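The next block holds one structure in the form of structure tokens; read it before the comments.
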Amino acid sequence: MFPSSFDYVRASSVAEAISILANEEDAKLLAGGHSLLPLMKLRLASPSKLVDIGRISELSYIEDRGEYVAVGALTRHRDLEVSAVLGSSVPMLSHVASLVGDPSVRHRGTIGGSVAHGDGASDLPAAVLALDATMVAQGPNGTREIPASEFFLGFLETALEEGEILTEIKVPKIHGGWSYQKFNRRAQDWAIVGVAAVRNGSTKVSLVNMGSMPLRALATEAAMNSGASISDAAALAAEGIDPPADLNASADYRRHLASVLVKRALEEASSS
Amino acid sequence: MNGSILGTRVIRLEDPELLKGRATYVDNLEHPGALYCYFVRSTVAAAKIASLDVARAKELPGVRAVLVASDYDIEPFVPFFPLNEHLKRPVLASGVVKFVGDPIAMIIAADRSTAVDASELVEVEYEPLDAVVDMEDALSINARQIDPEVARNLVASVVGGNSDNPLNGAEVVVRGRFENQRMSVAPMEPNSIAVNPDGDGDEGITVWVSTQMPHVIQTKLSSILSIPKGSLRVITPNVGGGFGGKAGVIQEHVAVVGASLMLGIPLRWMEERGENLISMQGRGQVQYVEMAISRDGLILGLDARMVGDAGAYGGFGGGLVAGSTRSMAQGVYSIPKIRYKAAVASTNTPPIGALRGAGRPEATAFLERIVDMAAAEISMDPIEFRRKNLISSTSFPYQSVMGPLYDSGNFVKALDAVAEVSKYQDLRREQLRRRQAGETVVLGIGVSCYVEVTAGGGASEYGAVDITPDGGAEIRVGTSGHGQGHPTTFSMLVADTLKIPLEKIKFIQSDTKEVPRGGGTGGSRSLQLGGSAVNAAALQVLDVAKNLAASHFEASVDDIIVSQEGTIGVAGSPSHFLSWTDLMDVAKQAGVELAYRGDFNQAGATFPFGAHVSVVEVDLETGLVRPISHFAVDDCGRVLNPLVVEGQQHGGIAQGIGQALYEKVYFDAYGNPLNSSFAEYLVPSAAEMPNFVASNTETPSPLNPLGAKGIGESATVGSTPAVQNAVVDALSHLGVRHIDMPMTPERVWQAISQGSNGPLWSEPPSIFSEIKKSDSGSAPEEVDI
């Protein structure tokens with residue numbers, strides 16, 4: 001549980017962090033440290049330099065911007081959990097944040113860190129996918145926006161380019177119903193399967209831990225948006241999806257859970 | 001008893017230090033000048049070591065030495081007690097590796113990070129051998145023989161009971177194949193040791209080690225390393241959990257102390273979490289159990305064929321299937337005919353040791369499963385079936401078919417008590433209501449009865465009480481408590497007898513310089529042996545004190561009393577009293593020592609028992625089990641401190657829920673461990689726990705003056721099958737009769753899907769037909785672990 005040696009530098013601004021990243025090939029950003037540090041302690045990751053952006057206070061905010069809520073990338077899970085702005089406009093994000101890990105994880109981990117890590121088993125990436133959020137990234141070539149549907153590309157792989165920093169997540173307000181179903185054995189664990197459903201005009205459903213990255217239940221969405229019953233749509237939850245198998249669940253069991261949980265999520269989202 | 005604090009809820013004296021984080025453990029003590037050790041471990045389960053090159057590791061700046069097997073002049077040894085005389089283990093793997101995690105080299109470096117860096121520079125080439133992973137496969141004729149001396153990988157075997165044909169002529173026979181899965185012990189503090197070869201001046205070598213048994217470590221290290229016992233001082237500071245996993249020495253202890261003596265430098269080692277999870281494990285049995293009953297629900301016979309997994313190097317815990325699992329196989333029931341056969345297998349997995357209960361939970365688990373299956377077979381309520389077959393309260397002391405003499409018991413009383421406190425009939429009504437309403441979250445009610453054995457090993461322990469010049473007392477005892485409450489409960493005994501306030505009593509343990517001998521803490525032995533020894537010492541001191549006071553006041557010793565204020569003097573004569581401080585002066589003048597040091601010997605083992613009811617909800621759509629409440633009635637004889645007993649009950653329930661629902665060590669087909677971190681090895685947290693309702697019946701043991709039996713492991717024995725039975729019970733209307741532990745959501749979902757079509761029985765391995773007689777090492781039930 002001892003990482004390889006590495007250099008450490010603390011960035012005081014986004015611009016400084018971008019410039020350090022540009023000059024160091026093997027540098028990694030450190031925010032809350034709850035994804036990266038465990039990998040480093042197991043020596044599964046050995047970056048040459050950590051650029052600590054955890055104290056850049058300008059990236060920790062939750063702001064009502066009319067149609068959407070802007071969440072700074074360094075906002076901690078605990079702040080999402082108790083935010084009044086999110087509570088009235090995007091309560092699902094508060095709820096999902098309250099289910100991440102345990103209290104110490106929630107007081108350290110950041111939404112940007114979790115989303116940029118892009119773990120298919122994490123709660124927040126799937127949540128921003130179902131919420132149709134937009135990621136704002138800054139890099140040496142300026143600022144760009146990436147829709148959630150184009151952000152997650154594969155196993156721990158996102159659309160962020162080398163040297164880019166995720167700075168903000170724009171989350172559309174929810175006007176309809178929503179649900180987040182997290183199925184796990186212990187409260188503190190990753191979901192064995194999770195489902196986020198948002199009925200905001202159309203229906204969006206995303207799946208946790210059903211693939212190498214957060215996935216949309218596209219067949220279910222299509223069925224719902226063309227008027228199918230919840231039961232029929234839920235039965236399609238794992239259509240075209242090849243879920244992983246691990247000690248907690250076989251692929252078949254995950255497919256079964258996805259259907260059960262999607263049904264529960266759609267029922268809850270439709271009743272609220 | 002007027003004014004007695006015995007039987008009262010005294011808050012633990014040791015807790016403030018522990019809770020404030022001020023307690024010291026091996027690794028947060030200062031060890032001036034000590035270098036750090038780190039082990040290079042095998043990454044394959046079975047292989048010849050073709051080459052081992054440590055040259056590059058040695059060159060890394062900060063590395064003092066890299067040691068391999070050939071650097072040590074230490075004969076292979078038995079870490080705790082032998083299961084098979086041929087299976088001794090070298091200090092580091094020599095020539096071959098036998099499981100993933102087997103240590104093959106030890107780095108000594110200036111700091112931990114450098115030691116880990118150096119370990120990555122050690123180059124090992126393996127010539128892989130077939131890994132023998134599964135205990136039943138290991139016993140098959142086709143399996144590779146792991147150890148040249150152990151044919152068929154059969155490390156030990158036992159035949160017990162009183163019948164060759166216990167099922168003969170029965171009206172009804174039920175049978176099941178049950179897995180009692182391999183578990184990690186998972187203490188909060190992993191293993192840790194530090195050694196100063198120069199000791200503290202004239203003491204020779206000093207070792208600080210996290211263990212349940214400092215005196216055993218002293219004896220073992222001195223014999224393995226050929227050093228005089230008197231020149232080795234072993235100190236055990238606070239221990240962050242033992243649970244059976246810190247009994248005896250481990251290879252790493254010997255490697256570190258051996259290196260320290262060889263190089264003449266102080267060394268320290270602390271195991272990492274991942275190492276702790278894969279170096280040693282507990283449980284690990286496959287149980288083929290058949291029970292014959294009459295149509296009206298009387299048990300007629302029991303046939304058990306049991307496979308135990310010893311892991312590599314003949315891990316002593318593998319022998320529990322031939323030891324305490326065997327001796328407790330009759331349990332709480334009248335069973336006229338029993339046949340019991342056990343086969344212990346060697347495998348390429350971590351050595352099996354002890355885990356809380358050590359063989360007794362495994363016995364109760366199979367009995368309580370087969371009893372529930374029997375009750376279900378004739379559609380009898382599980383409590384009614386049990387009540388019908390429990391050994392009568394008038395039969396004690398009771399001679400079990402399997403050998404033990406149960407000292408005292410009232411099994412029916414405990415069962416009645418738990419039925420009442422759990423409102424059992426109300427629970428059954430709610431279960432029926434949900435089923436009839438077609439609800440998807442159903443209720444399960446699990447019952448278990450148990451009897452287990454405590455202080456089954458060498459039933460002797462050292463205890464001493466010294467009055468100090470300030471009128472206080474010092475206790476010295478050979479047990480080595482680490483969270484069980486000994487500083488409080490043992491002090492209560494002295495306070496009660498001598499009327500010295502708790503805050504003036506100093507509790508000393510776990511230091512071989514202070515305490516001449518001791519068996520440590522294991523097998524739930526501490527209060528009944530160590531406590532009785534302390535109690536006896538206090539009574540002896542009182543006797544000396546009374547005689548001194550009698551001569552001082554020229555009174556008859558029969559008239560001398562101890563007042564509630566802690567003064568000694570003549571009854572009815574208030575001016576003729578001495579404080580303990582005064583009495584120390586009197587003793588000094590008389591040339592008498594106001595102290596007693598001695599050993600308490602108990603004539604045999606004691607047998608705690610109890611009954612549990614566990615209530616769970618099962619989601620029929622997902623298979624998820626949610627514990628709702630757990631009722632424990634545990635009888636550990638006379639209760640000295642109910643608060644401490646309740647704490648043991650709570651912890652035991654939690655650990656039982658852990659085994660029933662969450663925990664299992666998994667390997668792939670090549671013997672690679674699949675859950676070597678707490679992210680994958682699921683120890684449940686407080687968030688998963690239901691409400692606990694713990695209570696006691698008190699049936700004193702006749703074998704010690706306190707009337708005490710052990711409580712440290714009982715709740716684990718009783719709770720695990722209650723939870724398992726609850727889950728099966730929840731699904732009984734679907735035809736489900738058994739689900740193996742851990743009852744993961746997926747397993748439960750599969751059982752729901754299969755209903756009555758699920759597999760219950762398969763033929764046991766063929767090796768049982770070849771086992772005609774016992775062939776095992778020292779019977780493990782004779783050791784407290």
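Naming works like this for the structure tokens: A, B, ... for the chains as they're shown, residue 1 at the start of each chain, ligands 1 onward in shown order.
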I need the chain A residues near chain B as a ChimeraX atom specification; criterion: at most 9 Å, counting only C-alpha atoms.
/A:1-5,183-190,247-250,253,256-257,260-261
Residue subset to file, keeping N, CA, C and O atoms, as a CSV table (one decimal), in the first residue's frame:
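Output saved as out30.csv:
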chain,number,residue,atom,x,y,z
A,1,MET,N,0.8,-1.2,0.0
A,1,MET,CA,0.0,0.0,0.0
A,1,MET,C,0.9,1.3,0.0
A,1,MET,O,0.5,2.3,0.6
A,2,PHE,N,2.0,1.2,-0.6
A,2,PHE,CA,2.9,2.3,-0.7
A,2,PHE,C,3.1,2.7,-2.2
A,2,PHE,O,3.6,1.8,-2.9
A,3,PRO,N,2.7,3.9,-2.6
A,3,PRO,CA,2.9,4.2,-4.0
A,3,PRO,C,4.3,4.3,-4.4
A,3,PRO,O,5.2,4.5,-3.6
A,4,SER,N,4.6,4.2,-5.7
A,4,SER,CA,6.0,4.6,-6.2
A,4,SER,C,6.2,6.1,-5.9
A,4,SER,O,5.2,6.8,-5.8
A,5,SER,N,7.4,6.5,-5.9
A,5,SER,CA,7.7,7.9,-5.6
A,5,SER,C,7.2,8.8,-6.8
A,5,SER,O,7.2,8.3,-7.9
A,183,PHE,N,-28.4,-0.7,-6.5
A,183,PHE,CA,-28.5,-2.1,-5.9
A,183,PHE,C,-27.1,-2.5,-5.5
A,183,PHE,O,-26.2,-2.6,-6.3
A,184,ASN,N,-26.9,-2.6,-4.1
A,184,ASN,CA,-25.6,-3.2,-3.7
A,184,ASN,C,-25.8,-4.0,-2.4
A,184,ASN,O,-26.9,-4.0,-1.9
A,185,ARG,N,-24.7,-4.6,-2.0
A,185,ARG,CA,-24.8,-5.5,-0.8
A,185,ARG,C,-24.5,-4.8,0.4
A,185,ARG,O,-25.1,-5.0,1.5
A,186,ARG,N,-23.5,-3.8,0.4
A,186,ARG,CA,-23.2,-3.0,1.5
A,186,ARG,C,-23.4,-1.6,1.1
A,186,ARG,O,-23.1,-1.2,0.0
A,187,ALA,N,-23.8,-0.8,2.1
A,187,ALA,CA,-24.2,0.6,1.8
A,187,ALA,C,-23.0,1.4,1.1
A,187,ALA,O,-23.2,2.2,0.3
A,188,GLN,N,-21.8,1.0,1.5
A,188,GLN,CA,-20.6,1.8,1.1
A,188,GLN,C,-20.1,1.4,-0.3
A,188,GLN,O,-19.2,2.1,-0.8
A,189,ASP,N,-20.6,0.4,-0.9
A,189,ASP,CA,-20.0,-0.2,-2.1
A,189,ASP,C,-20.5,0.5,-3.4
A,189,ASP,O,-21.5,1.2,-3.4
A,190,TRP,N,-19.8,0.2,-4.4
A,190,TRP,CA,-20.2,0.6,-5.8
A,190,TRP,C,-21.5,-0.2,-6.0
A,190,TRP,O,-21.8,-1.3,-5.4
A,247,LEU,N,-17.4,-11.1,-8.8
A,247,LEU,CA,-17.8,-11.9,-7.6
A,247,LEU,C,-19.2,-11.6,-7.1
A,247,LEU,O,-19.9,-12.4,-6.5
A,248,ASN,N,-19.7,-10.4,-7.4
A,248,ASN,CA,-21.1,-10.0,-6.9
A,248,ASN,C,-22.2,-10.5,-7.9
A,248,ASN,O,-23.3,-10.6,-7.4
A,249,ALA,N,-21.9,-10.6,-9.1
A,249,ALA,CA,-23.0,-10.9,-10.1
A,249,ALA,C,-22.4,-11.5,-11.4
A,249,ALA,O,-21.4,-10.9,-11.9
A,250,SER,N,-23.1,-12.5,-11.9
A,250,SER,CA,-22.8,-12.9,-13.3
A,250,SER,C,-23.5,-12.0,-14.2
A,250,SER,O,-24.3,-11.1,-13.9
A,253,TYR,N,-27.3,-12.4,-14.2
A,253,TYR,CA,-27.9,-11.8,-13.1
A,253,TYR,C,-28.0,-10.3,-13.2
A,253,TYR,O,-29.0,-9.6,-12.9
A,256,HIS,N,-30.8,-9.4,-15.4
A,256,HIS,CA,-32.1,-9.5,-14.7
A,256,HIS,C,-32.3,-8.3,-13.8
A,256,HIS,O,-33.3,-7.7,-13.7
A,257,LEU,N,-31.2,-8.0,-13.0
A,257,LEU,CA,-31.3,-6.8,-12.1
A,257,LEU,C,-31.6,-5.6,-12.9
A,257,LEU,O,-32.4,-4.7,-12.4
A,260,VAL,N,-35.3,-5.4,-13.5
A,260,VAL,CA,-36.1,-5.1,-12.3
A,260,VAL,C,-35.9,-3.7,-11.9
A,260,VAL,O,-36.9,-3.0,-11.5
A,261,LEU,N,-34.6,-3.2,-11.9
A,261,LEU,CA,-34.4,-1.9,-11.4
A,261,LEU,C,-34.9,-0.8,-12.3
A,261,LEU,O,-35.3,0.3,-11.9
Residue list (helix (DSSP H, G or I), DSSP) for stretch 121-166 of chain B, as a PyMOL selection string
chain B and resi 135-138+151-153
Mind dumping the selected residues with all heavy atoms as a PDB file, in the first residue's frame?
ATOM      1  N   MET B 135     -10.815 -28.438  -2.228  1.00  0.00           N
ATOM      2  CA  MET B 135     -10.505 -29.471  -1.234  1.00  0.00           C
ATOM      3  C   MET B 135     -11.041 -30.849  -1.630  1.00  0.00           C
ATOM      4  O   MET B 135     -10.426 -31.867  -1.328  1.00  0.00           O
ATOM      5  CB  MET B 135     -11.019 -29.057   0.145  1.00  0.00           C
ATOM      6  CG  MET B 135     -12.515 -28.997   0.281  1.00  0.00           C
ATOM      7  SD  MET B 135     -13.034 -28.514   1.963  1.00  0.00           S
ATOM      8  CE  MET B 135     -13.535 -26.825   1.681  1.00  0.00           C
ATOM      9  N   GLU B 136     -12.168 -30.892  -2.300  1.00  0.00           N
ATOM     10  CA  GLU B 136     -12.704 -32.201  -2.701  1.00  0.00           C
ATOM     11  C   GLU B 136     -11.916 -32.766  -3.887  1.00  0.00           C
ATOM     12  O   GLU B 136     -11.601 -33.960  -3.907  1.00  0.00           O
ATOM     13  CB  GLU B 136     -14.190 -32.090  -3.038  1.00  0.00           C
ATOM     14  CG  GLU B 136     -15.028 -31.765  -1.815  1.00  0.00           C
ATOM     15  CD  GLU B 136     -16.508 -31.780  -2.132  1.00  0.00           C
ATOM     16  OE1 GLU B 136     -17.126 -32.847  -2.020  1.00  0.00           O
ATOM     17  OE2 GLU B 136     -17.041 -30.710  -2.497  1.00  0.00           O
ATOM     18  N   ASP B 137     -11.583 -31.893  -4.841  1.00  0.00           N
ATOM     19  CA  ASP B 137     -10.736 -32.342  -5.948  1.00  0.00           C
ATOM     20  C   ASP B 137      -9.402 -32.855  -5.430  1.00  0.00           C
ATOM     21  O   ASP B 137      -8.830 -33.804  -5.971  1.00  0.00           O
ATOM     22  CB  ASP B 137     -10.479 -31.191  -6.934  1.00  0.00           C
ATOM     23  CG  ASP B 137     -11.742 -30.778  -7.678  1.00  0.00           C
ATOM     24  OD1 ASP B 137     -12.729 -31.534  -7.619  1.00  0.00           O
ATOM     25  OD2 ASP B 137     -11.731 -29.695  -8.294  1.00  0.00           O
ATOM     26  N   ALA B 138      -8.888 -32.199  -4.396  1.00  0.00           N
ATOM     27  CA  ALA B 138      -7.565 -32.562  -3.868  1.00  0.00           C
ATOM     28  C   ALA B 138      -7.539 -34.017  -3.417  1.00  0.00           C
ATOM     29  O   ALA B 138      -6.501 -34.688  -3.516  1.00  0.00           O
ATOM     30  CB  ALA B 138      -7.210 -31.648  -2.691  1.00  0.00           C
ATOM     31  N   ALA B 151       0.016 -38.924   0.885  1.00  0.00           N
ATOM     32  CA  ALA B 151      -0.685 -39.591  -0.201  1.00  0.00           C
ATOM     33  C   ALA B 151      -2.116 -39.088  -0.297  1.00  0.00           C
ATOM     34  O   ALA B 151      -2.769 -38.830   0.726  1.00  0.00           O
ATOM     35  CB  ALA B 151      -0.671 -41.101   0.037  1.00  0.00           C
ATOM     36  N   ARG B 152      -2.597 -38.969  -1.509  1.00  0.00           N
ATOM     37  CA  ARG B 152      -3.983 -38.520  -1.782  1.00  0.00           C
ATOM     38  C   ARG B 152      -4.251 -37.130  -1.208  1.00  0.00           C
ATOM     39  O   ARG B 152      -5.398 -36.711  -1.099  1.00  0.00           O
ATOM     40  CB  ARG B 152      -5.016 -39.513  -1.221  1.00  0.00           C
ATOM     41  CG  ARG B 152      -5.078 -40.884  -1.902  1.00  0.00           C
ATOM     42  CD  ARG B 152      -5.715 -40.848  -3.283  1.00  0.00           C
ATOM     43  NE  ARG B 152      -7.105 -40.496  -3.328  1.00  0.00           N
ATOM     44  CZ  ARG B 152      -8.125 -41.347  -3.202  1.00  0.00           C
ATOM     45  NH1 ARG B 152      -7.880 -42.626  -3.017  1.00  0.00           N
ATOM     46  NH2 ARG B 152      -9.372 -40.946  -3.297  1.00  0.00           N
ATOM     47  N   ASN B 153      -3.203 -36.412  -0.826  1.00  0.00           N
ATOM     48  CA  ASN B 153      -3.372 -35.099  -0.173  1.00  0.00           C
ATOM     49  C   ASN B 153      -4.231 -35.194   1.075  1.00  0.00           C
ATOM     50  O   ASN B 153      -4.851 -34.206   1.499  1.00  0.00           O
ATOM     51  CB  ASN B 153      -3.976 -34.071  -1.145  1.00  0.00           C
ATOM     52  CG  ASN B 153      -3.064 -33.780  -2.313  1.00  0.00           C
ATOM     53  OD1 ASN B 153      -1.847 -33.657  -2.147  1.00  0.00           O
ATOM     54  ND2 ASN B 153      -3.635 -33.690  -3.509  1.00  0.00           N
TER      55      ASN B 153
END
Near stretch 400-402 of chain B, within 10 Å and counting only C-alpha atoms, which residues show up once chain neighbours fewer than 2 positions away are dropped, as a list of chain:residue names?
B:Gly160, B:Gly161, B:Asn162, B:Ser163, B:Arg326, B:Ser327, B:Met328, B:Ala329, B:Gln330, B:Gly331, B:Val332, B:Tyr333, B:Ser334, B:Ile335, B:Pro336, B:Lys337, B:Ile338, B:Arg339, B:Tyr340, B:Ile391, B:Pro397, B:Tyr398, B:Pro404, B:Leu405, B:Tyr406
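Residues with any atom within 10 Å of A:Glu267, counting only C-alpha atoms and excluding same-chain neighbours fewer than 6 positions away, are A:Gly177, A:Trp178, A:Ser179, A:Ala197, A:Ile230, A:Ser231, A:Ala234, A:Leu261.
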Strand (DSSP E) residues, from DSSP on the backbone, in stretch 34-256 of chain A, as a ChimeraX atom specification:
/A:49-52,62-64,68-72,134-139,142-147,152-154,157-158,165-172,178-183,193-200,202-208,215-216
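You can rank A:Asn209, A:Asn23, A:Asn200, A:Ser149 by their closest distance to A:Leu129 using only C-alpha atoms, and at the top of that list sits A:Ser149.
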B:Ala473 proximity check over B:Gly456, B:Gly409, B:Gly566, B:Gly301, using only C-alpha atoms: winner is B:Gly566
Name all residues at most 7 Å from A:Ser89 (count only C-alpha atoms; drop same-chain ones fewer than 3 positions away) and give them as number ranges by chain.
A: 85-86, 173-174
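Proximity of A:Met135, A:Ile62, A:Ala130, A:Ile192 to A:Ala245, computed with only C-alpha atoms, is greatest for A:Ile192.
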Neighbour list for B:Val97 as a short mmCIF file (atom, residue, chain, number, x, y, z; two decimals) with N, CA and C atoms, in the first residue's frame, cut-off 10 Å, only C-alpha atoms, skip fewer than 4 positions in-chain:
data_model
loop_
_atom_site.label_atom_id
_atom_site.label_comp_id
_atom_site.auth_asym_id
_atom_site.auth_seq_id
_atom_site.Cartn_x
_atom_site.Cartn_y
_atom_site.Cartn_z
N ARG B 41 6.36 -12.10 -2.12
CA ARG B 41 5.47 -13.27 -2.01
C ARG B 41 5.23 -13.91 -3.36
N SER B 42 4.96 -15.19 -3.29
CA SER B 42 4.71 -15.92 -4.53
C SER B 42 3.48 -15.37 -5.24
N THR B 43 3.58 -15.25 -6.54
CA THR B 43 2.45 -14.80 -7.35
C THR B 43 1.74 -15.98 -8.01
N VAL B 44 2.25 -17.19 -7.77
CA VAL B 44 1.58 -18.38 -8.31
C VAL B 44 1.31 -19.35 -7.16
N ALA B 45 0.29 -20.20 -7.36
CA ALA B 45 -0.16 -21.05 -6.26
C ALA B 45 0.70 -22.30 -6.10
N ALA B 46 1.27 -22.79 -7.19
CA ALA B 46 2.05 -24.02 -7.11
C ALA B 46 3.14 -23.98 -8.16
N ALA B 47 4.38 -24.02 -7.73
CA ALA B 47 5.48 -23.96 -8.71
C ALA B 47 6.78 -24.34 -8.03
N LYS B 48 7.71 -24.81 -8.87
CA LYS B 48 9.09 -24.87 -8.41
C LYS B 48 9.71 -23.50 -8.65
N ILE B 49 10.54 -23.07 -7.73
CA ILE B 49 11.25 -21.80 -7.94
C ILE B 49 12.47 -22.13 -8.79
N LEU B 92 11.03 -19.37 5.03
CA LEU B 92 10.64 -18.80 3.74
C LEU B 92 10.55 -19.96 2.77
N ALA B 93 9.70 -19.79 1.75
CA ALA B 93 9.51 -20.89 0.79
C ALA B 93 10.86 -21.27 0.19
N GLY B 101 1.02 -15.89 -2.23
CA GLY B 101 1.24 -15.17 -0.99
C GLY B 101 2.31 -15.81 -0.13
N ASP B 102 2.75 -17.00 -0.51
CA ASP B 102 3.81 -17.70 0.21
C ASP B 102 5.08 -16.83 0.19
N PRO B 103 5.61 -16.44 1.35
CA PRO B 103 6.77 -15.55 1.33
C PRO B 103 8.03 -16.27 0.83
N ILE B 104 8.75 -15.61 -0.08
CA ILE B 104 9.97 -16.24 -0.61
C ILE B 104 11.22 -15.42 -0.35
N TYR B 126 9.37 -19.03 -12.16
CA TYR B 126 8.62 -20.18 -11.65
C TYR B 126 8.49 -21.26 -12.72
N PRO B 128 5.72 -23.68 -13.23
CA PRO B 128 4.41 -23.94 -12.63
C PRO B 128 4.10 -25.43 -12.51
N LEU B 129 3.41 -25.77 -11.45
CA LEU B 129 2.87 -27.11 -11.21
C LEU B 129 1.34 -26.99 -11.23
N ALA B 312 -2.31 -24.94 2.48
CA ALA B 312 -0.94 -25.41 2.30
C ALA B 312 -0.28 -25.67 3.65
N ASN B 348 -3.42 -26.00 -2.52
CA ASN B 348 -2.53 -24.87 -2.81
C ASN B 348 -3.23 -23.55 -2.53
#
